[in-house]
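J.: Okay, handing you the structure first.
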Amino acid sequence: MGAAPQISPDQRVAEFRAAFSRAEKEVGRVIVGHQDAVRKLLSALFCGGHILIEGVPGLGKTLMVKTAAETLGLVFKRIQFTPDLMPSDIIGTQVLTEVEGHREFQFKPGPIFAHMVLGDEINRATPKTQSAVLEAMEEHQVTVFGVTHVLEQPYIVLATQNPIELEGTYPLPEAQMDRFIFKVVIGPPKPEELREILNRTTGATRAKIQPVFDPASAPHQIETLKELVREVMVAEPLERYVIGIIGACTPGGPGALPEVSQYLRFGPSPRGAQALILCGKVNALLAGRVSVAYEDIDDGIVPCLRHRLLRNFQAEAENVTSEAILDQVMKRLKRPRA
Amino acid sequence: MPGPIDIIVSARRRIARNAAIGGFLYSVLPTVAALGLAIAVHPLARAIEARHGYELAPDRARLLIDFLVFAGAAALAVGAMRAWREFRRADDFAAAAQEVDERVGAHEEIVTLATLADPAIASEARAPRSPLFPLLFQRAAKFLEGFDPIREFPLRVGAPLKRSSIFAGLVALVMMLAMLGLVRPPSPMQLEARQLRKIADEIARTASTPGDNALAEKVRDAADALDNPSLPPQEKQKKLAAVRAEIEQRSQNAQQARSETGTGRGTGKGNSGSGSGESRAEQRANAQGGSGQGQGKGQGGGSESASNQNSGGSGQGSKQGGQNKDKGGKNKDQNNVDLQNELAKAEAQIETAGAQQSGSGNEPGSDKNQPGPKAGNNPNEKGPGANPNRPGNIPKQGMSGEKNMPSGGNESAKDMGSNQGDTHLGEFPNATKTQRYLKPGEGSGGVNIKDARYVTFKIPNAPTANSGGRAVIDASRPTASTPYVNSPLAMTKDNSLPDEQQLVPPRYRDLIH
């Protein structure tokens with residue numbers, strides 16, 4: 001294992017909890033409310049996944065991602081997705097450059113080369129451009145003119161999308177949706193939260209962010225914590241529980257609920273199960289445990305699976321949301337006995 | 001201090017044992033109920049018989065007991081199977097860990113430890129352990145500090161017993177319903193058998209000689225024979241006759257002994273002479289007999305007995321004599337009397353049953369080819385038994401009554417005139433001399449009805465027509481010899497107007513007046 005041998009397991013767990021807690025606290029100094037979204041954002045980072053944030057404009061999605069990157073001491077880049085955005089604008093391209101008296105093509109990396117990439121309003125770009133980030137998201141590498149360029153770890157894509165003004169947008173294809181470990185929906189702030197937002201954003205002083213990690217060693221430290229997440233243990237009954245959840249959400253699958261068969265075209269892929277387990281592991285560490293509990297799994301069901309359920313026409317016509325279906329699944333699913 | 005794995009193993013054993021016991025307990029109450037009820041069938045049947053008079057036939061009782069024993073055995077077998085199944089199901093390391101986890105609130109840490117460190121899985125077959133496993137082990141050990149599987153997993157017997165009580169109640173209910181369905185009012189024959197058994201018990205209780213016990217046994221045999229529906233009536237009669245013969249033998253022996261000793265052996269029997277319509281002189285003689293016995297006992301109760309006109313001869317004698325023997329003698333006498341009465345009644349019942357069986361074959365239409373008893377025939381031609389003095393012996397028409405007289409009879413006293421009646425149904429029943437019940441000491445084996453609460457008579461069966469139920473013109477029916485004419489009808493007064501009167505056609509005018 002990559003963990004430093006001189007550090008005991010309980011110290012590693014304590015370190016993880018402390019870093020996570022501090023990161024949450026620092027982001028919370030800028031972002032009012034949305035604690036769950038912030039936690040999921042950080043969880044996605046430590047799980048090694050990507051996160052899709054959905055919310056109407058002006059709720060602080062971009063600010064949240066920027067603040068998180070600043071807090072963690074990671075390299076942050078932002079891509080504003082527009083219909084005319086080209087893949088090379090994201091990935092980068094070969095540029096003819098004069099070097100020592102002769103000209104040669106040099107690769108000019110695009111904004112995707114960063115630790116944290118914010119794809120703002122990702123559904124406004126064409127599918128061609130959207131697909132440009134697929135390889136980067138899954139393989140953590142890009143290939144330009146036959147040359148593969150590995151992305152530096154940690155690497156996380158944080159995409160936002162606007163659920164309104166859908167005219168002229170290109171909904172993300174299922175394959176791309178499946179690559180996001182979480183989909184977080186940001187709702188409007190509560191009145192007291194809005195008041196706090198006003199105080200913070202319209203005043204003369206702005207909150208100063210204290211990085212949790214030293215920017216020089218942040219990637220390495222974060223990678224170490226990601227390894228710790230992977231070391232968290234899962235009992236066999238909990239694995240069966242996760243499998244049961246996936247089966248219950250799959251139309252025609254074993255243990256599928258009637259609502260699932262009625263309103264869904266497709267259920268979650270194995271990536272959904274992986275997401276549930278990883279989310280459970282992060283939650284277990286945050287609770288100070290080194291093994292996953294049922295409650296850790298339950299906490300991740302909606303954010304992990306809501307964007308993996310493909311509703312059918314009837315569900316859309318009757319306005320049956322994925323969240324409502326998952327809610328039914330959670331109510332009816334029984335925890336397996338050992 | 002045991003480690004977490006040892007504690008989980010211990011908990012597993014405890015849980016499996018509890019599950020097995022709990023599974024078995026489900027069948028305990030039904031088993032106990034079934035077997036208990038099987039034991040209680042006879043007492044319950046007796047209680048029902050004593051209180052309500054309904055009887056549970058022995059074969060039905062046996063059926064019920066067999067059913068209950070089978071149900072109990074089946075419940076026991078099911079309980080054993082359930083115990084084994086529950087044991088196998090609960091004997092799981094991971095499941096035990098989950099139970100322990102829930103008890104200590106370890107958020108699946110114990111379960112995780114158990115799945116990663118199951119002792120049943122060989123170490124080389126296990127997946128490589130996480131570097132965090134030692135921490136998990138430490139945390140599990142901390143959770144299980146002071147955990148006592150025996151205290152945490154107590155044996156709970158309440159729930160299984162409570163749940164199985166429903167089934168046990170069901171068994172009891174079924175049994176009660178079955179008893180209700182199986183009990184029947186006893187037949188007269190069974191009543192007689194019951195009475196005979198009581199008397200047999202009484203004889204056995206007061207038995208002073210081996211002969212008494214033998215008699216009691218014979219009476220019981222006779223009672224059993226009466227109870228046995230498969231036994232032909234002749235066999236029953238034989239059994240009864242055997243008892244009767246035994247009594248007669250004992251009576252003769254007693255009489256012989258009395259005549260030899262010259263003492264009033266039968267003081268009790270002296271009592272039975274009271275009210276039998278004997279002459280005053282006989283009563284006095286009996287009273288003297290009682291007196292003699294009393295004197296024989298040396299208590300001088302004779303005079304009082306005589307003054308009481310033999311009604312209390314024995315009682316006084318025994319009272320004044322203070323001899324329990326007398327009392328026992330009275331009991332024996334009483335038993336003999338009762339026994340003879342019951343025997344007579346039993347024989348009458350057998351005859352009645354036989355007559356009903358034979359009578360049912362002569363019902364009109366039942367067998368048209370079989371002629372019924374003809375008018376004038378004696379339907380009771382065959383007597384019920386050899387002993388003409390039995391009360392069950394019915395006076396027979398056309399027979400000499402004197403033959404039935406227990407003390408011998410005067411044939412010339414036969415009323416021949418009463419036999420001359422003639423009806424279309426045949427002869428009137430011959431009014432022979434009625435039987436007279438014997439006084440004690442008179443005749444041998446006579447029926448002593450003193451202290452008998454009732455006697456049973458049998459009314460002769462009515463002769464049935466030989467027409468087989470069809471209307472037959474009886475040519476021999478007496479016809480009237482007095483001539484008769486039809487009286488003329490009175491003229492009716494017609495108040496209607498002449499126009500409305502019915503005109504008589506001219507051709508009839510001469511005919512109708």
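A note on labels: chains of the structure tokens are A, B, ... as shown, every chain counts residues from 1, and ligands are counted from 1 in their shown order.
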Identify all chain A residues at most 9 Å from chain B by counting only C-alpha atoms; ligands do not count. Present them as number ranges by chain.

T.: A: 1, 3, 8-10, 228, 231-238, 289-295, 337-338

J.: Excluding Ala324 in chain A and its own-chain neighbours fewer than 6 positions away, which residues fall within 12 Å of it when counting only C-alpha atoms? Please give them as an MDAnalysis selection string.

T.: chainID A and resid 249 259:260 263:264 302 305:306 309 311 315 318 330:331

J.: To test your reading of the structure, identify every residue in range 17-152 of chain A that backbone DSSP assigns to alpha helix (DSSP H), and report it as a VMD selection string.

T.: chain A and resid 17 to 30 35 to 47 61 to 72 87 to 91 127 to 139

J.: May I ask which of the residues A:Gly244, A:Arg124, A:Gly252, A:Pro188 is the closest one to Met86 in chain A, counting only C-alpha atoms?

T.: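 Counting only C-alpha atoms, the residue closest to Met86 in chain A is A:Arg124.
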
J.: DSSP on the backbone, strand (DSSP E) only: what residues of range 153-267 of chain A does that give? Format it as a PyMOL selection string.

T.: chain A and resi 156-161+180-185+264-266

J.: Find the residues around range 142-144 of chain A up to 12 Å (only C-alpha atoms counted), leave out those fewer than 2 positions away in its own chain, and share them as an mmCIF file with N, CA and C atoms, in the first residue's frame.

T.:
```cif
data_model
loop_
_atom_site.group_PDB
_atom_site.id
_atom_site.type_symbol
_atom_site.label_atom_id
_atom_site.label_comp_id
_atom_site.auth_asym_id
_atom_site.auth_seq_id
_atom_site.Cartn_x
_atom_site.Cartn_y
_atom_site.Cartn_z
ATOM 1 N N PRO A 87 -13.669 21.048 -29.423
ATOM 2 C CA PRO A 87 -12.908 20.155 -28.545
ATOM 3 C C PRO A 87 -11.471 20.614 -28.316
ATOM 4 N N SER A 88 -10.880 21.170 -29.372
ATOM 5 C CA SER A 88 -9.503 21.621 -29.205
ATOM 6 C C SER A 88 -9.407 22.782 -28.236
ATOM 7 N N ASP A 89 -10.505 23.473 -28.103
ATOM 8 C CA ASP A 89 -10.499 24.569 -27.127
ATOM 9 C C ASP A 89 -10.383 24.032 -25.708
ATOM 10 N N ILE A 90 -10.800 22.772 -25.536
ATOM 11 C CA ILE A 90 -10.771 22.187 -24.194
ATOM 12 C C ILE A 90 -9.473 21.400 -23.994
ATOM 13 N N ILE A 91 -9.191 20.579 -24.968
ATOM 14 C CA ILE A 91 -8.076 19.651 -24.808
ATOM 15 C C ILE A 91 -6.731 20.354 -25.061
ATOM 16 N N GLY A 92 -6.732 21.183 -26.043
ATOM 17 C CA GLY A 92 -5.495 21.797 -26.455
ATOM 18 C C GLY A 92 -5.182 21.411 -27.885
ATOM 19 N N THR A 93 -4.183 21.980 -28.437
ATOM 20 C CA THR A 93 -3.878 21.715 -29.844
ATOM 21 C C THR A 93 -2.374 21.877 -30.101
ATOM 22 N N GLN A 94 -1.971 21.449 -31.312
ATOM 23 C CA GLN A 94 -0.582 21.598 -31.715
ATOM 24 C C GLN A 94 -0.407 23.007 -32.306
ATOM 25 N N VAL A 95 0.609 23.644 -31.842
ATOM 26 C CA VAL A 95 0.868 25.010 -32.313
ATOM 27 C C VAL A 95 2.261 25.028 -32.940
ATOM 28 N N PHE A 105 5.984 21.759 -34.224
ATOM 29 C CA PHE A 105 4.653 21.771 -33.567
ATOM 30 C C PHE A 105 4.839 21.442 -32.085
ATOM 31 N N GLN A 106 4.260 22.255 -31.328
ATOM 32 C CA GLN A 106 4.281 22.016 -29.877
ATOM 33 C C GLN A 106 2.845 21.895 -29.376
ATOM 34 N N PHE A 107 2.658 20.981 -28.416
ATOM 35 C CA PHE A 107 1.304 20.804 -27.872
ATOM 36 C C PHE A 107 1.013 21.906 -26.875
ATOM 37 N N LYS A 108 -0.051 22.575 -27.103
ATOM 38 C CA LYS A 108 -0.502 23.638 -26.198
ATOM 39 C C LYS A 108 -1.662 23.079 -25.397
ATOM 40 N N PRO A 109 -1.445 22.700 -24.159
ATOM 41 C CA PRO A 109 -2.527 22.084 -23.391
ATOM 42 C C PRO A 109 -3.695 23.031 -23.214
ATOM 43 N N GLY A 110 -4.868 22.432 -23.220
ATOM 44 C CA GLY A 110 -6.082 23.217 -23.021
ATOM 45 C C GLY A 110 -6.412 23.338 -21.542
ATOM 46 N N PRO A 111 -7.553 23.903 -21.274
ATOM 47 C CA PRO A 111 -7.919 24.110 -19.855
ATOM 48 C C PRO A 111 -8.244 22.815 -19.113
ATOM 49 N N ILE A 112 -8.301 21.745 -19.873
ATOM 50 C CA ILE A 112 -8.615 20.482 -19.177
ATOM 51 C C ILE A 112 -7.425 19.998 -18.346
ATOM 52 N N PHE A 113 -6.272 20.554 -18.658
ATOM 53 C CA PHE A 113 -5.079 20.178 -17.909
ATOM 54 C C PHE A 113 -5.022 20.993 -16.620
ATOM 55 N N SER A 131 -18.100 15.331 -25.681
ATOM 56 C CA SER A 131 -17.416 14.042 -25.682
ATOM 57 C C SER A 131 -15.911 14.186 -25.558
ATOM 58 N N ALA A 132 -15.429 15.372 -25.797
ATOM 59 C CA ALA A 132 -13.988 15.595 -25.700
ATOM 60 C C ALA A 132 -13.487 15.400 -24.276
ATOM 61 N N VAL A 133 -14.368 15.620 -23.359
ATOM 62 C CA VAL A 133 -13.939 15.468 -21.959
ATOM 63 C C VAL A 133 -14.116 14.035 -21.465
ATOM 64 N N LEU A 134 -14.766 13.165 -22.278
ATOM 65 C CA LEU A 134 -15.041 11.793 -21.808
ATOM 66 C C LEU A 134 -13.758 11.052 -21.457
ATOM 67 N N GLU A 135 -12.810 11.104 -22.406
ATOM 68 C CA GLU A 135 -11.579 10.366 -22.164
ATOM 69 C C GLU A 135 -10.846 10.934 -20.959
ATOM 70 N N ALA A 136 -10.870 12.243 -20.875
ATOM 71 C CA ALA A 136 -10.185 12.878 -19.750
ATOM 72 C C ALA A 136 -10.817 12.470 -18.432
ATOM 73 N N MET A 137 -12.108 12.423 -18.407
ATOM 74 C CA MET A 137 -12.812 12.095 -17.158
ATOM 75 C C MET A 137 -12.552 10.646 -16.744
ATOM 76 N N GLU A 138 -12.589 9.749 -17.709
ATOM 77 C CA GLU A 138 -12.506 8.343 -17.345
ATOM 78 C C GLU A 138 -11.068 7.848 -17.275
ATOM 79 N N GLU A 139 -10.284 8.244 -18.261
ATOM 80 C CA GLU A 139 -8.930 7.704 -18.356
ATOM 81 C C GLU A 139 -7.889 8.616 -17.719
ATOM 82 N N HIS A 140 -8.299 9.796 -17.393
ATOM 83 C CA HIS A 140 -7.376 10.782 -16.827
ATOM 84 C C HIS A 140 -6.202 11.021 -17.788
ATOM 85 N N GLY A 146 -2.549 11.718 -31.899
ATOM 86 C CA GLY A 146 -1.939 10.420 -31.631
ATOM 87 C C GLY A 146 -1.013 10.397 -30.434
ATOM 88 N N VAL A 147 -0.876 11.525 -29.807
ATOM 89 C CA VAL A 147 0.003 11.580 -28.640
ATOM 90 C C VAL A 147 -0.866 11.668 -27.384
ATOM 91 N N THR A 148 -0.622 10.746 -26.467
ATOM 92 C CA THR A 148 -1.425 10.729 -25.238
ATOM 93 C C THR A 148 -0.732 11.557 -24.167
ATOM 94 N N HIS A 149 -1.528 12.381 -23.578
ATOM 95 C CA HIS A 149 -1.007 13.242 -22.513
ATOM 96 C C HIS A 149 -1.732 12.891 -21.219
ATOM 97 N N VAL A 150 -0.975 12.471 -20.237
ATOM 98 C CA VAL A 150 -1.568 12.068 -18.953
ATOM 99 C C VAL A 150 -1.853 13.309 -18.128
ATOM 100 N N LEU A 151 -3.030 13.263 -17.518
ATOM 101 C CA LEU A 151 -3.436 14.392 -16.671
ATOM 102 C C LEU A 151 -2.869 14.193 -15.271
ATOM 103 N N GLU A 152 -2.519 15.257 -14.668
ATOM 104 C CA GLU A 152 -1.930 15.186 -13.334
ATOM 105 C C GLU A 152 -3.010 14.865 -12.303
#
```

J.: Quick one: everything within 9 Å of Phe167 in chain B, counting only C-alpha atoms, minus sequence neighbours fewer than 4 positions away in the same chain. Send it as an MDAnalysis selection string.

T.: chainID B and resid 27 29:30 163 171:172

J.: Tell me, as a compact mmCIF listing (two decimals) with N, CA and C atoms, in the first residue's frame, which residues lie within 7 Å of Asp212 in chain B, counting only C-alpha atoms; anything in the same chain fewer than 5 positions away does not count.

T.:
```txt
# COMPACT_ATOMS: atom_id res chain seq x y z
N ILE B 203 -69.65 -55.56 45.29
CA ILE B 203 -69.40 -56.93 45.77
C ILE B 203 -67.92 -57.11 46.06
N ALA B 204 -67.13 -56.62 45.14
CA ALA B 204 -65.68 -56.77 45.34
C ALA B 204 -65.22 -55.99 46.56
N ALA B 207 -66.23 -57.89 49.62
CA ALA B 207 -65.98 -59.32 49.52
C ALA B 207 -65.29 -59.84 50.79
```

J.: Would you compute the distance between CA of Gln138 in chain B and CA of Gly288 in chain A? Give it in Å to one decimal.

T.: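 If I compute the distance from CA of Gln138 in chain B to CA of Gly288 in chain A, I get 13.1 Å.
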
J.: One decimal, in Å: what's the spacing between CA of Ala34 in chain B and CA of Met176 in chain B?

T.: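 Result for CA of Ala34 in chain B versus CA of Met176 in chain B: 11.4 Å, one decimal.
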
J.: Go through A:Gln221, A:Gln210, A:Gln141, A:Thr160 one by one, measure the shortest atom-to-atom distance of each to Lys25 in chain A using only C-alpha atoms, and give the residue with the smallest value.

T.: A:Gln210

J.: Can you list, as a PDB file with N, CA and C atoms, in the first residue's frame, every protein, DNA or RNA residue that comes within 7 Å of Arg265 in chain A when you count only C-alpha atoms, leaving out same-chain residues fewer than 4 positions away?

T.:
```
ATOM      1  N   PRO A 251     -34.976  -1.860 -14.338  1.00  0.00           N
ATOM      2  CA  PRO A 251     -36.233  -2.433 -14.835  1.00  0.00           C
ATOM      3  C   PRO A 251     -36.025  -3.867 -15.316  1.00  0.00           C
ATOM      4  N   LEU A 310     -32.682   6.245 -16.191  1.00  0.00           N
ATOM      5  CA  LEU A 310     -33.181   6.820 -17.436  1.00  0.00           C
ATOM      6  C   LEU A 310     -34.696   6.635 -17.458  1.00  0.00           C
ATOM      7  N   ARG A 311     -35.376   7.747 -17.279  1.00  0.00           N
ATOM      8  CA  ARG A 311     -36.833   7.667 -17.201  1.00  0.00           C
ATOM      9  C   ARG A 311     -37.435   7.463 -18.591  1.00  0.00           C
ATOM     10  N   ASN A 312     -38.600   6.851 -18.599  1.00  0.00           N
ATOM     11  CA  ASN A 312     -39.277   6.654 -19.887  1.00  0.00           C
ATOM     12  C   ASN A 312     -40.270   7.789 -20.135  1.00  0.00           C
TER      13      ASN A 312
END
```

J.: Using only C-alpha atoms, which protein or nucleic acid residues come within 8 Å of Gly55 in chain A? Drop anything in the same chain fewer than 3 positions from it, and give the result as a VMD selection string.

T.: chain A and resid 59 61 160 to 163 185 to 187

J.: With only C-alpha atoms as the basis for distance, which of A:Ile243, A:Ile301, A:Ala44, A:Val329 is at the shortest distance from Ser261 in chain A?

T.: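 Answer, going by the shortest atom-to-atom distance: A:Val329.
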
J.: For CA of Leu191 in chain B and CA of Asp59 in chain B, determine how far apart the two atoms are, in Å to one decimal place.

T.: 16.9 Å
